[in-house]
>>> print(open('structure_38.txt').read())   # compact mmCIF, C-alpha atoms
# COMPACT_ATOMS: atom_id res chain seq x y z
CA MET J 1 0.00 0.00 0.00
CA GLN J 2 1.26 3.48 -0.77
CA SER J 3 1.63 6.12 1.91
CA LEU J 4 -0.45 9.28 1.78
CA GLU J 5 1.98 11.18 4.00
CA ASN J 6 2.90 14.53 2.46
CA LYS J 7 0.72 13.85 -0.59
CA THR J 8 -1.58 16.69 -1.63
CA VAL J 9 -5.27 15.80 -1.74
CA ILE J 10 -8.08 18.11 -2.88
CA VAL J 11 -11.52 17.19 -1.52
CA THR J 12 -14.37 19.21 -3.03
CA GLY J 13 -17.40 19.52 -0.80
CA GLY J 14 -15.01 18.87 2.06
CA SER J 15 -16.76 20.87 4.78
CA LYS J 16 -19.51 18.37 5.64
CA GLY J 17 -20.85 14.88 5.04
CA ILE J 18 -18.62 12.36 3.27
CA GLY J 19 -16.11 15.07 2.36
CA ARG J 20 -15.60 16.18 5.94
CA VAL J 21 -15.11 12.63 7.23
CA LEU J 22 -12.74 11.84 4.38
CA ALA J 23 -10.69 14.95 5.15
CA LEU J 24 -10.41 13.87 8.79
CA ARG J 25 -9.25 10.41 7.68
CA LEU J 26 -6.67 12.03 5.40
CA ALA J 27 -5.44 14.18 8.28
CA GLY J 28 -4.79 10.96 10.19
CA GLU J 29 -2.75 9.77 7.20
CA LYS J 30 -0.62 12.96 7.40
CA ALA J 31 -1.65 14.13 3.95
CA LYS J 32 -1.65 17.74 2.80
CA ILE J 33 -5.34 18.54 2.61
CA VAL J 34 -7.30 21.04 0.58
CA ILE J 35 -11.04 21.27 1.23
CA THR J 36 -13.56 23.36 -0.68
CA GLY J 37 -17.09 24.35 0.21
CA ARG J 38 -19.73 27.01 -0.39
CA ASN J 39 -20.74 27.53 3.24
CA GLU J 40 -18.02 29.61 4.86
CA LYS J 41 -18.97 28.72 8.44
CA ASP J 42 -18.99 24.96 7.78
CA LEU J 43 -15.68 25.33 5.95
CA LYS J 44 -14.01 27.17 8.82
CA ASP J 45 -15.37 24.73 11.41
CA THR J 46 -13.96 21.77 9.49
CA GLU J 47 -10.67 23.55 8.91
CA LYS J 48 -10.32 24.00 12.70
CA GLU J 49 -11.06 20.30 13.24
CA LEU J 50 -8.43 19.30 10.72
CA ALA J 51 -5.82 21.73 12.06
CA LYS J 52 -5.90 19.93 15.42
CA ILE J 53 -4.69 16.77 13.68
CA CYS J 54 -2.66 17.99 10.73
CA PRO J 55 -0.75 21.25 10.15
CA ASP J 56 -1.03 21.14 6.35
CA VAL J 57 -4.60 22.25 5.70
CA LEU J 58 -5.97 24.72 3.18
CA ALA J 59 -9.67 25.66 3.09
CA VAL J 60 -10.99 27.39 -0.02
CA ASN J 61 -14.43 28.98 -0.07
CA ALA J 62 -15.44 27.92 -3.58
CA ASP J 63 -18.34 26.72 -5.72
CA VAL J 64 -17.27 23.99 -8.14
CA SER J 65 -19.87 25.13 -10.66
CA VAL J 66 -18.05 28.49 -11.02
CA HIS J 67 -14.99 28.24 -13.25
CA ASP J 68 -13.18 31.15 -11.60
CA ASP J 69 -13.61 29.44 -8.21
CA VAL J 70 -12.25 26.19 -9.62
CA LYS J 71 -9.21 27.93 -11.10
CA ARG J 72 -8.60 29.75 -7.82
CA THR J 73 -8.81 26.47 -5.88
CA VAL J 74 -6.16 24.85 -8.03
CA GLU J 75 -3.95 27.95 -8.06
CA GLU J 76 -4.03 28.25 -4.26
CA THR J 77 -3.35 24.52 -3.89
CA VAL J 78 -0.26 24.62 -6.10
CA LYS J 79 0.97 27.85 -4.52
CA ARG J 80 0.76 26.28 -1.04
CA PHE J 81 1.69 22.64 -1.70
CA ASN J 82 3.29 22.60 -5.20
CA ASP J 83 1.72 19.33 -6.41
CA ILE J 84 -1.68 17.68 -6.77
CA HIS J 85 -1.49 13.94 -6.14
CA PHE J 86 -5.16 13.19 -5.52
CA LEU J 87 -8.38 14.90 -6.55
CA ILE J 88 -11.60 13.75 -4.86
CA ASN J 89 -14.61 15.13 -6.72
CA ASN J 90 -17.10 14.85 -3.90
CA ALA J 91 -19.14 18.07 -4.16
CA GLY J 92 -22.66 17.39 -5.33
CA MET J 93 -26.23 18.65 -5.47
CA ILE J 94 -29.32 16.52 -4.83
CA THR J 95 -32.68 17.87 -5.94
CA HIS J 96 -35.75 15.62 -5.80
CA LYS J 97 -38.72 16.71 -7.88
CA SER J 98 -40.97 15.17 -10.47
CA PHE J 99 -39.82 15.94 -13.99
CA ASN J 100 -42.86 18.17 -14.60
CA GLU J 101 -42.05 20.22 -11.48
CA PHE J 102 -38.46 20.94 -12.53
CA GLY J 103 -37.63 24.32 -13.98
CA ILE J 104 -35.09 24.30 -16.81
CA ASP J 105 -32.59 26.36 -14.79
CA GLU J 106 -32.96 24.02 -11.78
CA TRP J 107 -32.17 21.02 -13.96
CA LYS J 108 -29.17 22.82 -15.43
CA LYS J 109 -27.86 23.71 -11.95
CA VAL J 110 -27.71 20.03 -10.92
CA PHE J 111 -25.58 19.34 -13.99
CA GLU J 112 -23.44 22.42 -13.41
CA VAL J 113 -22.45 21.13 -9.97
CA ASN J 114 -22.42 17.36 -10.47
CA VAL J 115 -21.01 17.15 -14.00
CA PHE J 116 -19.44 20.46 -15.02
CA GLY J 117 -17.96 20.93 -11.54
CA THR J 118 -16.20 17.57 -11.78
CA MET J 119 -15.11 18.25 -15.35
CA MET J 120 -13.66 21.68 -14.51
CA MET J 121 -11.79 20.41 -11.44
CA CYS J 122 -10.24 17.69 -13.61
CA LYS J 123 -9.47 20.15 -16.41
CA GLU J 124 -7.58 22.54 -14.13
CA SER J 125 -5.83 19.83 -12.05
CA LEU J 126 -4.64 17.53 -14.82
CA PRO J 127 -1.69 19.66 -16.01
CA TYR J 128 -0.17 19.37 -12.52
CA MET J 129 -1.01 15.68 -12.23
CA GLU J 130 0.67 14.93 -15.56
CA LYS J 131 3.93 16.36 -14.18
CA LEU J 132 3.96 13.43 -11.73
CA ALA J 133 3.82 10.79 -14.47
CA ASP J 134 7.39 9.58 -13.89
CA THR J 135 7.44 9.88 -10.10
CA THR J 136 4.32 9.18 -8.04
CA GLY J 137 1.53 9.29 -10.61
CA ALA J 138 -1.83 10.77 -9.59
CA THR J 139 -5.41 9.72 -8.90
CA ILE J 140 -8.86 11.17 -9.54
CA VAL J 141 -11.84 9.86 -7.56
CA ASN J 142 -15.35 10.79 -8.69
CA VAL J 143 -18.02 10.24 -6.05
CA SER J 144 -21.11 9.17 -7.97
CA SER J 145 -24.07 7.30 -6.48
CA MET J 146 -26.09 4.14 -7.02
CA SER J 147 -28.45 6.62 -8.67
CA GLY J 148 -25.85 6.54 -11.44
CA ARG J 149 -26.60 2.83 -11.86
CA GLN J 150 -30.39 2.94 -11.69
CA GLY J 151 -32.96 5.70 -12.02
CA TYR J 152 -35.78 6.36 -9.58
CA GLU J 153 -38.94 8.40 -9.28
CA ARG J 154 -38.29 12.15 -8.75
CA GLY J 155 -34.62 11.63 -9.57
CA THR J 156 -34.42 12.62 -13.23
CA ALA J 157 -31.85 15.39 -12.83
CA TYR J 158 -29.74 13.79 -10.09
CA SER J 159 -29.71 10.32 -11.61
CA ALA J 160 -28.95 11.62 -15.09
CA SER J 161 -26.05 13.70 -13.75
CA LYS J 162 -24.58 10.69 -11.96
CA TYR J 163 -24.95 8.52 -15.06
CA ALA J 164 -23.04 11.20 -16.96
CA LEU J 165 -20.09 10.84 -14.59
CA ILE J 166 -19.68 7.21 -15.66
CA GLY J 167 -19.16 8.08 -19.32
CA PHE J 168 -16.89 10.97 -18.41
CA ALA J 169 -14.71 8.86 -16.09
CA GLU J 170 -14.46 5.91 -18.50
CA SER J 171 -13.39 8.18 -21.36
CA LEU J 172 -11.00 10.29 -19.28
CA PHE J 173 -9.27 7.20 -17.88
CA LYS J 174 -8.45 5.97 -21.37
CA GLU J 175 -6.87 9.33 -22.15
CA VAL J 176 -4.73 9.75 -19.03
CA ARG J 177 -3.72 6.25 -17.95
CA GLN J 178 -0.55 6.52 -20.08
CA LYS J 179 0.50 9.32 -17.72
CA ASN J 180 0.05 6.99 -14.73
CA ILE J 181 -3.13 8.75 -13.67
CA ARG J 182 -5.91 6.61 -12.24
CA VAL J 183 -9.59 7.58 -12.59
CA LEU J 184 -11.92 5.88 -10.11
CA THR J 185 -15.66 6.13 -9.64
CA ILE J 186 -17.36 5.20 -6.38
CA PHE J 187 -21.08 4.43 -6.18
CA PRO J 188 -22.48 4.63 -2.62
CA SER J 189 -26.04 3.61 -1.88
CA TYR J 190 -27.96 5.59 0.78
CA VAL J 191 -25.53 7.21 3.25
CA GLU J 192 -26.32 8.61 6.69
CA THR J 193 -24.21 11.74 7.12
CA SER J 194 -25.26 13.12 10.52
CA VAL J 195 -22.31 13.87 12.80
CA LYS J 196 -21.93 11.30 15.59
CA ASP J 197 -19.14 10.09 17.82
CA GLU J 198 -17.76 6.95 16.21
CA LYS J 199 -17.95 5.02 19.46
CA ASP J 200 -21.73 5.49 19.35
CA LEU J 201 -22.16 4.08 15.84
CA LYS J 202 -23.87 0.74 15.35
CA THR J 203 -22.15 -1.63 12.95
CA ILE J 204 -24.74 -4.37 12.48
CA GLY J 205 -28.47 -4.96 12.54
CA LYS J 206 -31.65 -4.33 10.59
CA GLY J 207 -32.13 -0.63 9.88
CA VAL J 208 -28.46 0.24 10.47
CA TYR J 209 -27.60 2.47 7.53
CA MET J 210 -24.25 2.89 5.87
CA ARG J 211 -22.35 5.89 7.19
CA ALA J 212 -20.16 8.61 5.67
CA GLU J 213 -17.31 6.97 7.58
CA ASP J 214 -17.76 3.78 5.55
CA VAL J 215 -17.54 5.62 2.24
CA ALA J 216 -14.53 7.62 3.41
CA ASP J 217 -12.73 4.46 4.53
CA THR J 218 -13.47 2.83 1.19
CA ILE J 219 -11.91 5.76 -0.65
CA ILE J 220 -8.85 5.73 1.61
CA HIS J 221 -8.24 2.00 1.13
CA THR J 222 -8.74 2.33 -2.62
CA ILE J 223 -6.35 5.22 -3.23
CA LYS J 224 -3.69 3.58 -1.06
CA LEU J 225 -3.34 0.69 -3.51
CA PRO J 226 0.03 0.79 -5.30
CA GLN J 227 -0.12 3.14 -8.28
CA ARG J 228 0.23 0.14 -10.61
CA ALA J 229 -3.26 -1.03 -9.63
CA MET J 230 -6.72 0.48 -9.27
CA LEU J 231 -10.33 -0.35 -8.48
CA LYS J 232 -11.92 1.48 -11.39
CA THR J 233 -15.51 1.27 -10.15
CA ILE J 234 -16.67 0.51 -6.62
CA GLU J 235 -20.22 -0.01 -5.36
CA VAL J 236 -20.68 0.46 -1.61
CA TRP J 237 -23.96 -0.81 -0.16
CA GLY J 238 -25.58 -0.83 3.23
CA THR J 239 -25.76 -4.45 4.37
CA ASN J 240 -29.16 -4.56 6.02
CA PRO J 241 -30.83 -1.11 5.91
>>> encode(input="structure_38.txt", output="C-alpha cells")
Amino acid sequence: MQSLENKTVIVTGGSKGIGRVLALRLAGEKAKIVITGRNEKDLKDTEKELAKICPDVLAVNADVSVHDDVKRTVEETVKRFNDIHFLINNAGMITHKSFNEFGIDEWKKVFEVNVFGTMMMCKESLPYMEKLADTTGATIVNVSSMSGRQGYERGTAYSASKYALIGFAESLFKEVRQKNIRVLTIFPSYVETSVKDEKDLKTIGKGVYMRAEDVADTIIHTIKLPQRAMLKTIEVWGTNP
C-alpha cells in the first residue's frame, strides 16, 4: 500500500458529510489537505477540526460550478503545496422533484455542480497531475451514487447527472492512464451523514444504515493501492438497511 503522507489531496465539498469525514481520515494519514465548500462557516469549522490533527490544511471557499472558483482552488493549492497527487470530486447537489415540477434552470444547476464541476476540477488539475507521471503518478476519484446505476422516481436530474459521470470517467481514464493517472468512480447507496461520535455508531443490525465513515474508509483503502493497480468502479452498499 502506498503512503499518503505529504501527498496533496483536494476534496471538493469537504466541509460536511462524506467530504468532511474523508478529510479527517486524510489528516490521520498525514496528507496535505485542501477542502472546498460554499458555506463559509462549515468550511471554517472543518478547517479548525483538521488543524488539530494535521498542520497542512488549506480551506478554499469555492463553488465547483463556477470556473473562476475552480481555477482559484487549483492555483491556491499549487501555490501552497506545489503538487496535486489526488483529486476527490465529492461536491454534489441533490434535488428531488418530479420531472414536470423541474424548472429548466434548476435542472441545469444540478448538472453544473455534479457534472461540469467535476469536469472543470479535472481540467484545471490535470496539467499538474501529468507532471507526476514519472514519479508518483496521480489519482482522480469521482463520487457518484447508485443513482448513477439505476434511475428512480423524482430523480431525473440527479440520476442523469450521476450517469453522466460514468461516461466521463471511462473516457478520461483511457486518455490519461498513459501518464500513470488513475480515474476511479465510487457508487455509494444511501448514506447517513449526521455527525456522531464513532464510538456510538452501530455496525450491524436491521435498519443500520451505511455511514459517511464507511464511504470515506473505502476511498482511503482504494487510493492507497500501489499506483500500478486500481479499483476502477466501486459499489458500496448498506448491508441490512
>>> closest_residue(input="structure_38.txt", among="J:Ser189, J:Leu43, J:Thr203, J:Gly137", to="Gly19 in chain J", atoms="only C-alpha atoms")
J:Leu43
>>> closest_residue(input="structure_38.txt", among="J:Ile84, J:Ile104, J:Ala138, J:Ala59", to="Lys224 in chain J", atoms="all atoms listed in the file")
J:Ala138
>>> atom_distance(input="structure_38.txt", atom1="CA of Ala27 in chain J", atom2="CA of Thr12 in chain J")
15.3 Å
>>> closest_residue(input="structure_38.txt", among="J:Ser125, J:Thr185, J:Asn114, J:Thr193", to="Ser161 in chain J", atoms="all atoms listed in the file")
J:Asn114
>>> closest_residue(input="structure_38.txt", among="J:Ala229, J:Ile140, J:Ala212, J:Val57", to="Ile33 in chain J", atoms="all atoms listed in the file")
J:Val57
>>> axis_aligned_box(input="structure_38.txt", around="range 28-32 of chain J", padding_each_side="5 Å", output="lines of an AutoDock Vina configuration file")
center_x = -2.7
center_y = 13.8
center_z = 6.5
size_x = 14.2
size_y = 18.0
size_z = 17.4
>>> residues_around(input="structure_38.txt", residues="Leu132 in chain J", least_positions_apart="3", cutoff="9 Å", atoms="all atoms listed in the file", output="VMD selection string")
chain J and resid 83 to 85 128 to 129 135 to 138 179 to 181
>>> atom_distance(input="structure_38.txt", atom1="CA of Val183 in chain J", atom2="CA of Ile53 in chain J")
28.3 Å
>>> residues_around(input="structure_38.txt", residues="Gly205 in chain J", least_positions_apart="2", cutoff="10 Å", atoms="all atoms listed in the file", output="VMD selection string")
chain J and resid 202 to 203 207 to 209 239 to 241
>>> closest_residue(input="structure_38.txt", among="J:Val34, J:Met146, J:Ile94, J:Val115", to="Trp237 in chain J", atoms="only C-alpha atoms")
J:Met146
>>> residues_around(input="structure_38.txt", residues="Arg20 in chain J", least_positions_apart="3", cutoff="10 Å", atoms="all atoms listed in the file", output="ChimeraX atom specification")
/J:11-17,23-26,35-36,42-43,46-47,49-50,193,195,212-213,216
>>> atom_distance(input="structure_38.txt", atom1="CA of Ile166 in chain J", atom2="CA of Gly238 in chain J")
21.4 Å
>>> closest_residue(input="structure_38.txt", among="J:Glu112, J:Asp56, J:Glu124, J:Glu153", to="Phe99 in chain J", atoms="all atoms listed in the file")
J:Glu153
>>> residues_near_point(input="structure_38.txt", point="(-16.1, 23.4, -11.4)", cutoff="8 Å", atoms="all atoms listed in the file", output="count of residues only")
15
>>> build_atoms(input="structure_38.txt", residues="range 148-166 of chain J", atoms="N, CA and C atoms", output="CSV table (one decimal), in the coordinates of the input")
chain,number,residue,atom,x,y,z
J,148,GLY,N,-26.5,6.6,-10.2
J,148,GLY,CA,-25.8,6.5,-11.4
J,148,GLY,C,-25.8,5.1,-12.0
J,149,ARG,N,-26.4,4.2,-11.4
J,149,ARG,CA,-26.6,2.8,-11.9
J,149,ARG,C,-28.1,2.5,-12.2
J,150,GLN,N,-29.0,3.2,-11.5
J,150,GLN,CA,-30.4,2.9,-11.7
J,150,GLN,C,-31.2,4.2,-11.4
J,151,GLY,N,-32.1,4.5,-12.2
J,151,GLY,CA,-33.0,5.7,-12.0
J,151,GLY,C,-34.1,5.4,-11.0
J,152,TYR,N,-34.7,6.5,-10.6
J,152,TYR,CA,-35.8,6.4,-9.6
J,152,TYR,C,-36.7,7.5,-9.7
J,153,GLU,N,-37.9,7.4,-9.2
J,153,GLU,CA,-38.9,8.4,-9.3
J,153,GLU,C,-38.5,9.7,-8.6
J,154,ARG,N,-38.7,10.8,-9.2
J,154,ARG,CA,-38.3,12.2,-8.8
J,154,ARG,C,-36.8,12.3,-8.8
J,155,GLY,N,-36.1,11.5,-9.5
J,155,GLY,CA,-34.6,11.6,-9.6
J,155,GLY,C,-34.1,11.9,-11.0
J,156,THR,N,-34.9,12.5,-11.8
J,156,THR,CA,-34.4,12.6,-13.2
J,156,THR,C,-33.1,13.4,-13.3
J,157,ALA,N,-33.0,14.6,-12.7
J,157,ALA,CA,-31.8,15.4,-12.8
J,157,ALA,C,-30.7,14.8,-12.1
J,158,TYR,N,-30.8,14.3,-10.9
J,158,TYR,CA,-29.7,13.8,-10.1
J,158,TYR,C,-29.2,12.5,-10.7
J,159,SER,N,-30.1,11.6,-11.0
J,159,SER,CA,-29.7,10.3,-11.6
J,159,SER,C,-29.0,10.5,-12.9
J,160,ALA,N,-29.6,11.4,-13.8
J,160,ALA,CA,-29.0,11.6,-15.1
J,160,ALA,C,-27.5,12.2,-14.9
J,161,SER,N,-27.4,13.1,-14.0
J,161,SER,CA,-26.0,13.7,-13.8
J,161,SER,C,-25.0,12.7,-13.3
J,162,LYS,N,-25.5,11.7,-12.5
J,162,LYS,CA,-24.6,10.7,-12.0
J,162,LYS,C,-24.3,9.6,-13.0
J,163,TYR,N,-25.2,9.4,-13.9
J,163,TYR,CA,-25.0,8.5,-15.1
J,163,TYR,C,-23.9,9.2,-15.9
J,164,ALA,N,-24.0,10.5,-16.1
J,164,ALA,CA,-23.0,11.2,-17.0
J,164,ALA,C,-21.6,11.1,-16.5
J,165,LEU,N,-21.4,11.0,-15.1
J,165,LEU,CA,-20.1,10.8,-14.6
J,165,LEU,C,-19.4,9.5,-15.0
J,166,ILE,N,-20.2,8.5,-15.2
J,166,ILE,CA,-19.7,7.2,-15.7
J,166,ILE,C,-19.0,7.3,-17.0
